[in-house]
$ cat entry05.csv   # CSV, C-alpha atoms
chain,number,residue,atom,x,y,z
A,8,MET,CA,0.0,0.0,0.0
A,9,TRP,CA,1.3,3.5,-0.9
A,10,SER,CA,1.1,6.2,1.7
A,11,ILE,CA,0.4,9.8,0.9
A,12,GLN,CA,3.4,11.9,1.8
A,13,GLY,CA,4.7,15.4,1.4
A,14,GLU,CA,2.2,18.2,0.9
A,15,PHE,CA,-0.8,16.0,1.5
A,16,ARG,CA,0.2,15.0,5.0
A,17,GLY,CA,-1.3,17.1,7.7
A,18,ARG,CA,-3.4,19.3,5.5
A,19,SER,CA,-7.1,19.0,6.2
A,20,TRP,CA,-10.2,20.1,4.3
A,21,ALA,CA,-11.2,22.1,7.3
A,22,ALA,CA,-7.9,24.0,7.2
A,23,VAL,CA,-8.3,24.7,3.4
A,24,ALA,CA,-11.9,25.9,4.0
A,25,GLU,CA,-10.7,28.2,6.8
A,26,TRP,CA,-7.9,29.6,4.5
A,27,PHE,CA,-10.4,30.3,1.6
A,28,ASP,CA,-12.8,31.9,4.1
A,29,GLU,CA,-9.9,34.1,5.3
A,30,LEU,CA,-9.0,35.1,1.8
A,31,HIS,CA,-12.6,35.9,1.1
A,32,ARG,CA,-12.8,38.2,4.2
A,33,GLU,CA,-9.5,40.0,3.6
A,34,HIS,CA,-9.4,40.5,-0.2
A,35,ASP,CA,-11.9,42.4,-2.3
A,36,GLY,CA,-12.8,40.6,-5.5
A,37,PHE,CA,-12.2,37.1,-4.1
A,38,GLU,CA,-15.9,36.4,-4.8
A,39,SER,CA,-14.7,35.0,-8.1
A,40,HIS,CA,-13.2,32.1,-6.1
A,41,GLN,CA,-16.6,31.1,-4.6
A,42,TYR,CA,-16.8,27.9,-6.6
A,43,MET,CA,-13.6,26.8,-4.8
A,44,ARG,CA,-15.2,27.4,-1.5
A,45,ASP,CA,-18.3,25.5,-2.7
A,46,ILE,CA,-16.2,22.5,-3.7
A,47,VAL,CA,-14.4,22.5,-0.3
A,48,ALA,CA,-17.7,22.8,1.6
A,49,SER,CA,-19.2,19.9,-0.4
A,50,VAL,CA,-16.3,17.7,0.5
A,51,LEU,CA,-16.7,18.6,4.2
A,52,ALA,CA,-20.4,17.9,4.0
A,53,SER,CA,-20.0,14.6,2.1
A,54,GLY,CA,-18.5,12.4,4.7
A,55,ALA,CA,-15.7,11.6,2.2
A,56,ALA,CA,-13.1,14.1,3.5
A,57,ASN,CA,-11.2,11.4,5.2
A,58,ARG,CA,-10.8,9.6,1.9
A,59,LEU,CA,-9.5,12.5,-0.1
A,60,GLY,CA,-6.2,14.3,0.5
A,61,VAL,CA,-6.0,18.0,-0.3
A,62,THR,CA,-3.4,20.7,-0.7
A,63,THR,CA,-3.3,24.0,-2.5
A,64,SER,CA,-1.1,25.3,-5.2
A,65,MET,CA,-1.5,29.0,-5.0
A,66,HIS,CA,-5.3,29.1,-5.0
A,67,ASP,CA,-5.8,25.8,-6.9
A,68,LEU,CA,-7.0,22.7,-5.2
A,69,VAL,CA,-4.9,19.5,-5.7
A,70,VAL,CA,-6.8,16.4,-4.6
A,71,VAL,CA,-5.6,12.8,-4.2
A,72,SER,CA,-7.4,9.6,-3.1
A,73,LEU,CA,-6.3,8.3,0.2
A,74,ASP,CA,-7.6,4.8,-0.7
A,75,ALA,CA,-5.0,2.2,-1.3
A,76,ARG,CA,-6.1,1.2,-4.8
A,77,THR,CA,-4.9,4.5,-6.4
A,78,TRP,CA,-1.4,5.8,-6.7
A,79,TYR,CA,-0.2,8.8,-4.9
A,80,TYR,CA,0.6,10.7,-8.0
A,81,GLU,CA,-2.9,10.5,-9.5
A,82,THR,CA,-4.3,13.9,-8.9
A,83,ILE,CA,-7.4,16.0,-9.6
A,84,ARG,CA,-6.6,19.7,-9.9
A,85,VAL,CA,-9.3,22.4,-9.7
A,86,PHE,CA,-8.0,25.6,-11.2
A,87,SER,CA,-8.9,28.8,-9.6
A,88,PRO,CA,-9.8,32.0,-11.5
A,89,SER,CA,-6.3,33.4,-10.7
A,90,SER,CA,-4.5,30.4,-12.3
A,91,LEU,CA,-2.1,30.7,-15.2
A,92,PRO,CA,-3.0,30.1,-17.9
A,93,PRO,CA,-6.2,31.9,-16.9
A,94,VAL,CA,-9.5,30.1,-16.8
A,95,PRO,CA,-12.1,32.0,-18.9
A,96,GLU,CA,-14.5,34.1,-16.7
A,97,GLY,CA,-17.6,32.1,-15.7
A,98,PHE,CA,-15.9,28.7,-16.2
A,99,VAL,CA,-14.0,26.2,-14.1
A,100,MET,CA,-11.3,23.9,-15.3
A,101,LEU,CA,-10.5,20.5,-13.7
A,102,THR,CA,-7.7,18.2,-14.7
A,103,PHE,CA,-6.8,14.6,-13.9
A,104,ASN,CA,-3.2,13.5,-14.0
A,105,GLY,CA,-2.6,9.8,-13.6
A,106,ARG,CA,-0.1,7.2,-14.5
A,107,LYS,CA,-2.3,5.7,-17.2
A,108,LYS,CA,-2.9,9.0,-18.8
A,109,ARG,CA,0.9,9.8,-18.7
A,110,ARG,CA,1.7,6.7,-20.6
A,111,GLN,CA,-0.7,7.9,-23.3
A,112,GLY,CA,1.1,11.2,-23.4
A,113,GLY,CA,-1.5,13.5,-21.8
A,114,ARG,CA,-4.0,14.3,-19.1
A,115,GLU,CA,-7.7,14.6,-19.0
A,116,ILE,CA,-9.1,18.2,-19.0
A,117,LEU,CA,-12.6,19.2,-18.2
A,118,GLN,CA,-14.0,22.8,-18.5
A,119,CYS,CA,-17.5,23.7,-17.5
A,120,PRO,CA,-19.6,26.6,-16.3
A,121,VAL,CA,-18.9,27.7,-12.7
A,122,VAL,CA,-22.5,26.7,-11.7
A,123,GLU,CA,-21.5,23.1,-12.6
A,124,ALA,CA,-18.2,23.1,-10.6
A,125,VAL,CA,-19.4,21.0,-7.6
A,126,PRO,CA,-21.2,18.3,-9.7
A,127,ALA,CA,-18.3,18.2,-12.2
A,128,PHE,CA,-15.8,17.8,-9.3
A,129,TRP,CA,-17.7,14.9,-7.8
A,130,ARG,CA,-18.2,13.2,-11.2
A,131,MET,CA,-14.4,13.3,-11.7
A,132,VAL,CA,-13.8,12.0,-8.1
A,133,GLU,CA,-16.2,9.1,-8.6
A,134,ASP,CA,-14.8,8.3,-12.1
A,135,LYS,CA,-11.2,8.5,-11.2
A,136,PHE,CA,-11.1,7.5,-7.5
A,137,GLY,CA,-14.3,5.5,-7.1
A,138,ILE,CA,-15.3,7.8,-4.2
A,139,VAL,CA,-18.9,9.0,-4.0
A,140,ARG,CA,-20.4,11.7,-1.7

$ encode --input "entry05.csv" --output "structure tokens"
Amino acid sequence: MWSIQGEFRGRSWAAVAEWFDELHREHDGFESHQYMRDIVASVLASGAANRLGVTTSMHDLVVVSLDARTWYYETIRVFSPSSLPPVPEGFVMLTFNGRKKRRQGGREILQCPVVEAVPAFWRMVEDKFGIVR
């Protein structure tokens, strides 16, 4: 069994939620990141937070499965509006990077309207990690 190490150790969904809430309180215009807060809140409400590891890369979410059947370098990344390259206004971009996709020379990219961010995140989590909320 592989263990999650490095940046995924010791970072909780609650801590990420608190950090996004702090950014929201302290920075004007952070409302554009609301879908990030919604995804984090949905994980906390799902009962699956203990099965998904999380860290942030700037304001992006990087998520791994903590279940033994997936590899530690298979990640879902939710890009924030402040990412480079920029995500078009009103949209969210999610990517999946995994060992199977790497052998094929690429990654899976999903772009959808912001209003679909939470359902799109959970569809990708279920499809890639087999975890449902």

$ atom_distance --input "entry05.csv" --atom1 "atom CA of A:Arg84" --atom2 "atom CA of A:Asp67"
6.8 Å

$ residues_around --input "entry05.csv" --residues "A:Phe86" --least-positions-apart "2" --cutoff "12 Å" --atoms "all atoms listed in the file" --output "count of residues only"
36

$ closest_residue --input "entry05.csv" --among "A:Asp35, A:Glu81, A:Asp45, A:Glu29" --to "A:Gly60" --atoms "all atoms listed in the file"
A:Glu81

$ atom_distance --input "entry05.csv" --atom1 "atom CA of A:Ala48" --atom2 "atom CA of A:Thr62"
14.6 Å

$ closest_residue --input "entry05.csv" --among "A:Tyr80, A:Asp134, A:Leu51, A:Arg58" --to "A:Glu25" --atoms "all atoms listed in the file"
A:Leu51

$ residues_around --input "entry05.csv" --residues "A:Ala55" --least-positions-apart "5" --cutoff "9 Å" --atoms "all atoms listed in the file" --output "number ranges by chain"
A: 50, 138-140

$ atom_distance --input "entry05.csv" --atom1 "atom CA of A:Leu73" --atom2 "atom CA of A:Asn104"
15.4 Å

$ build_atoms --input "entry05.csv" --residues "stretch 34-50 of chain A" --atoms "N, CA and C atoms" --output "PDB file, in the frame of the given file"
ATOM      1  N   HIS A  34      -9.781  39.994   1.121  1.00  0.00           N
ATOM      2  CA  HIS A  34      -9.400  40.500  -0.200  1.00  0.00           C
ATOM      3  C   HIS A  34     -10.689  40.807  -1.015  1.00  0.00           C
ATOM      4  N   ASP A  35     -10.790  42.036  -1.447  1.00  0.00           N
ATOM      5  CA  ASP A  35     -11.900  42.400  -2.300  1.00  0.00           C
ATOM      6  C   ASP A  35     -11.731  41.643  -3.654  1.00  0.00           C
ATOM      7  N   GLY A  36     -12.824  41.249  -4.218  1.00  0.00           N
ATOM      8  CA  GLY A  36     -12.800  40.600  -5.500  1.00  0.00           C
ATOM      9  C   GLY A  36     -12.575  39.063  -5.398  1.00  0.00           C
ATOM     10  N   PHE A  37     -12.424  38.543  -4.202  1.00  0.00           N
ATOM     11  CA  PHE A  37     -12.200  37.100  -4.100  1.00  0.00           C
ATOM     12  C   PHE A  37     -13.504  36.335  -4.270  1.00  0.00           C
ATOM     13  N   GLU A  38     -14.595  37.044  -4.527  1.00  0.00           N
ATOM     14  CA  GLU A  38     -15.900  36.400  -4.800  1.00  0.00           C
ATOM     15  C   GLU A  38     -15.770  35.483  -6.023  1.00  0.00           C
ATOM     16  N   SER A  39     -14.853  35.800  -6.930  1.00  0.00           N
ATOM     17  CA  SER A  39     -14.700  35.000  -8.100  1.00  0.00           C
ATOM     18  C   SER A  39     -14.227  33.555  -7.771  1.00  0.00           C
ATOM     19  N   HIS A  40     -13.710  33.374  -6.563  1.00  0.00           N
ATOM     20  CA  HIS A  40     -13.200  32.100  -6.100  1.00  0.00           C
ATOM     21  C   HIS A  40     -14.316  31.286  -5.342  1.00  0.00           C
ATOM     22  N   GLN A  41     -15.550  31.765  -5.386  1.00  0.00           N
ATOM     23  CA  GLN A  41     -16.600  31.100  -4.600  1.00  0.00           C
ATOM     24  C   GLN A  41     -16.780  29.650  -4.948  1.00  0.00           C
ATOM     25  N   TYR A  42     -16.623  29.292  -6.215  1.00  0.00           N
ATOM     26  CA  TYR A  42     -16.800  27.900  -6.600  1.00  0.00           C
ATOM     27  C   TYR A  42     -15.751  27.004  -5.892  1.00  0.00           C
ATOM     28  N   MET A  43     -14.577  27.552  -5.591  1.00  0.00           N
ATOM     29  CA  MET A  43     -13.600  26.800  -4.800  1.00  0.00           C
ATOM     30  C   MET A  43     -14.067  26.530  -3.425  1.00  0.00           C
ATOM     31  N   ARG A  44     -14.625  27.561  -2.812  1.00  0.00           N
ATOM     32  CA  ARG A  44     -15.200  27.400  -1.500  1.00  0.00           C
ATOM     33  C   ARG A  44     -16.356  26.414  -1.482  1.00  0.00           C
ATOM     34  N   ASP A  45     -17.158  26.438  -2.543  1.00  0.00           N
ATOM     35  CA  ASP A  45     -18.300  25.500  -2.700  1.00  0.00           C
ATOM     36  C   ASP A  45     -17.813  24.064  -2.768  1.00  0.00           C
ATOM     37  N   ILE A  46     -16.761  23.821  -3.532  1.00  0.00           N
ATOM     38  CA  ILE A  46     -16.200  22.500  -3.700  1.00  0.00           C
ATOM     39  C   ILE A  46     -15.703  21.978  -2.310  1.00  0.00           C
ATOM     40  N   VAL A  47     -14.946  22.829  -1.613  1.00  0.00           N
ATOM     41  CA  VAL A  47     -14.400  22.500  -0.300  1.00  0.00           C
ATOM     42  C   VAL A  47     -15.558  22.158   0.672  1.00  0.00           C
ATOM     43  N   ALA A  48     -16.568  23.013   0.687  1.00  0.00           N
ATOM     44  CA  ALA A  48     -17.700  22.800   1.600  1.00  0.00           C
ATOM     45  C   ALA A  48     -18.436  21.498   1.236  1.00  0.00           C
ATOM     46  N   SER A  49     -18.532  21.164  -0.055  1.00  0.00           N
ATOM     47  CA  SER A  49     -19.200  19.900  -0.400  1.00  0.00           C
ATOM     48  C   SER A  49     -18.433  18.701   0.029  1.00  0.00           C
ATOM     49  N   VAL A  50     -17.113  18.779   0.025  1.00  0.00           N
ATOM     50  CA  VAL A  50     -16.300  17.700   0.500  1.00  0.00           C
ATOM     51  C   VAL A  50     -16.509  17.503   2.024  1.00  0.00           C
TER      52      VAL A  50
END
